[in-house]
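To keep things clear, I will list the structure first and then write my remarks on it.
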Amino acid sequence: MSDAQAQLGVDQLAALWEEAVPGERLPEEVLRERLLEDPDCDLSLWLAARHGGRLVGAAVGVVRPDPAGGKPAGYVQFLAVAPAFRRQKVASRLLDELERRLVSKGVRAIRAFDSAPSYLWPGIDVQFTPALCLFERRGYALRSYEFNMKVDLTRPLAAPPEKERREALERAGIAVRRLRPEDEASLGDWMLRTWGPHWAYEVGVALRRQPPAGFAAVQDGQWIGFAVYDSGRPGWFGPMGVEPRWQGTGLGIELCVRCFEDMAQRGYTEAQIAWAGPRCFYARKLGASISRVFARVEKVVDVADEEQRGGRPA
């Protein structure tokens, strides 16, 4: 195992993943953006297992700083083993080395896949039973479950009529429009102040798509809401947010519908709402249903630090 060729190995990671999990495609451009272009990317945490020069297993990790100023957290961002080399402890050896390197960088805990803001999954898909069992055997404890929801874009959306929605917003002086590249500075400042660095990062990614993949709401020249898609994976929707004083006005529905209509025009047949919440809003107002369930797991490696913080972090 080594980190040699990691920088040029995204194409190999894509090929390995396609072989390991053929039902879920991870194109090279997605892996490059999510992993190699991650703002915290550290090539010393890119590990490869090879047999006769062929890549048969790989693991990628990242360290995220603690916003509160404490010790950072480590994440397993990517893990895959070719089917012919499973049950030969390849995954275990990769994780042994990755965990060792993460611990050497002073992390307080290690988590699996939910490495926001640049992530591939919100956690371990519970349908991937071997992966879930692997992390459980290694002492990772369940923190929570997260959900993706889906909206069928080939059918009429379960939302109030367009005329009714838009007239209500016009009466309130609210304009909803597509994001523009020149919005980056002012929108970014508002995102950081109102929603925090994680969502600001994801909206920044969507804003740099050609054309920008999202919409925003403005009232009296001030940002009050946003919704984006394709910020993480093609066909994945989110995040979406509306300032509290405008929640319940139908603005969130309008922002979602604008994105879903745009996605349908770009050829998507389904919108996957990533890390969905509030789930009842999406289910009742937009006809979304739960499509995937992810287990967020964590191994605490600095017990003293966690005790000082008052227990396992949320």
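Just remember, in the structure tokens the first chain shown is A, the second B, etc., residues are 1-based per chain, and ligands are 1-based in the order shown.
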
Can you check which parts of region 151-249 of chain A lie within 12 Å of region 62-81 of chain A? Per residue, the shortest pair of atoms and distance in Å to one decimal, counting only C-alpha atoms, sorted by chain and number, as JSON lines.
{"residue": "A:Gly196", "atom": "CA", "partner": "A:Pro67", "partner_atom": "CA", "distance": 10.2}
{"residue": "A:Pro197", "atom": "CA", "partner": "A:Pro67", "partner_atom": "CA", "distance": 9.5}
{"residue": "A:His198", "atom": "CA", "partner": "A:Pro67", "partner_atom": "CA", "distance": 10.9}

Expected file: the selected residues, N, CA and C atoms, as a PDB file, in the first residue's frame:
ATOM      1  N   GLY A 196     -23.640  29.036   7.532  1.00  0.00           N
ATOM      2  CA  GLY A 196     -22.396  28.396   7.929  1.00  0.00           C
ATOM      3  C   GLY A 196     -21.535  27.961   6.764  1.00  0.00           C
ATOM      4  N   PRO A 197     -20.280  27.544   7.057  1.00  0.00           N
ATOM      5  CA  PRO A 197     -19.300  27.266   6.001  1.00  0.00           C
ATOM      6  C   PRO A 197     -19.630  26.051   5.147  1.00  0.00           C
ATOM      7  N   HIS A 198     -20.269  25.027   5.709  1.00  0.00           N
ATOM      8  CA  HIS A 198     -20.547  23.831   4.920  1.00  0.00           C
ATOM      9  C   HIS A 198     -21.494  24.137   3.768  1.00  0.00           C
TER      10      HIS A 198
END

### Contacts of Phe215 (chain A) at 6 Å (only C-alpha atoms; same-chain gap of 5+ positions) as a list in words
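Skipping anything fewer than 5 positions along the chain leaves Arg177, Arg178, Leu179, Phe226 and Ala227 of chain A.
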
Mind dumping the selected residues with N, CA and C atoms as a PDB file, in the first residue's frame?
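Output saved as part-v9.pdb:
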ATOM      1  N   ARG A 177     -35.083  33.959  -8.624  1.00  0.00           N
ATOM      2  CA  ARG A 177     -34.372  33.932  -9.910  1.00  0.00           C
ATOM      3  C   ARG A 177     -33.214  32.954  -9.869  1.00  0.00           C
ATOM      4  N   ARG A 178     -32.745  32.631 -11.069  1.00  0.00           N
ATOM      5  CA  ARG A 178     -31.588  31.752 -11.177  1.00  0.00           C
ATOM      6  C   ARG A 178     -30.339  32.445 -10.634  1.00  0.00           C
ATOM      7  N   LEU A 179     -29.462  31.664 -10.039  1.00  0.00           N
ATOM      8  CA  LEU A 179     -28.186  32.197  -9.580  1.00  0.00           C
ATOM      9  C   LEU A 179     -27.331  32.613 -10.774  1.00  0.00           C
ATOM     10  N   PHE A 226     -32.539  30.185  -0.748  1.00  0.00           N
ATOM     11  CA  PHE A 226     -31.751  29.607  -1.845  1.00  0.00           C
ATOM     12  C   PHE A 226     -32.067  28.127  -1.973  1.00  0.00           C
ATOM     13  N   ALA A 227     -31.765  27.575  -3.116  1.00  0.00           N
ATOM     14  CA  ALA A 227     -31.807  26.131  -3.340  1.00  0.00           C
ATOM     15  C   ALA A 227     -30.876  25.813  -4.489  1.00  0.00           C
TER      16      ALA A 227
END

### Query
Per DSSP on the backbone, what are the helix (DSSP H, G or I) residues of region 161-210 of chain A, as a PyMOL selection string?
chain A and resi 162-171+181-195+197-207

What are the nearest atom pairs, with distances in Å to one decimal, for all residues of region 108-177 of chain A that come at most 7 Å from region 32-48 of chain A, using only C-alpha atoms, set out by chain and rising residue number as JSON lines?
{"residue": "A:Ser118", "atom": "CA", "partner": "A:Arg34", "partner_atom": "CA", "distance": 5.4}
{"residue": "A:Tyr119", "atom": "CA", "partner": "A:Arg34", "partner_atom": "CA", "distance": 6.1}
{"residue": "A:Leu120", "atom": "CA", "partner": "A:Arg34", "partner_atom": "CA", "distance": 6.9}

### Task
For region 218-222 of chain A, work out the shell of residues within 10 Å, counting only C-alpha atoms and skipping chain neighbours fewer than 2 positions away, then give it as a ChimeraX atom specification.
/A:169-170,172-177,186-187,190,216,224-226

Region 130-142 of chain A surroundings by only C-alpha atoms, 7 Å radius, close-in-sequence under 2 positions cut, as a PDB file with C-alpha atoms, in the first residue's frame:
ATOM      1  CA  ILE A 124     -22.777   4.083   5.213  1.00  0.00           C
ATOM      2  CA  VAL A 126     -27.442   0.388   5.211  1.00  0.00           C
ATOM      3  CA  PHE A 128     -24.188  -2.239   1.936  1.00  0.00           C
ATOM      4  CA  SER A 144     -27.560   8.647  13.845  1.00  0.00           C
ATOM      5  CA  ALA A 295     -25.779   5.070   9.136  1.00  0.00           C
ATOM      6  CA  ARG A 296     -23.426   7.704  10.536  1.00  0.00           C
ATOM      7  CA  VAL A 297     -20.808   5.899  12.596  1.00  0.00           C
ATOM      8  CA  GLU A 298     -17.837   7.061  14.609  1.00  0.00           C
ATOM      9  CA  LYS A 299     -14.863   5.684  16.490  1.00  0.00           C
TER      10      LYS A 299
END
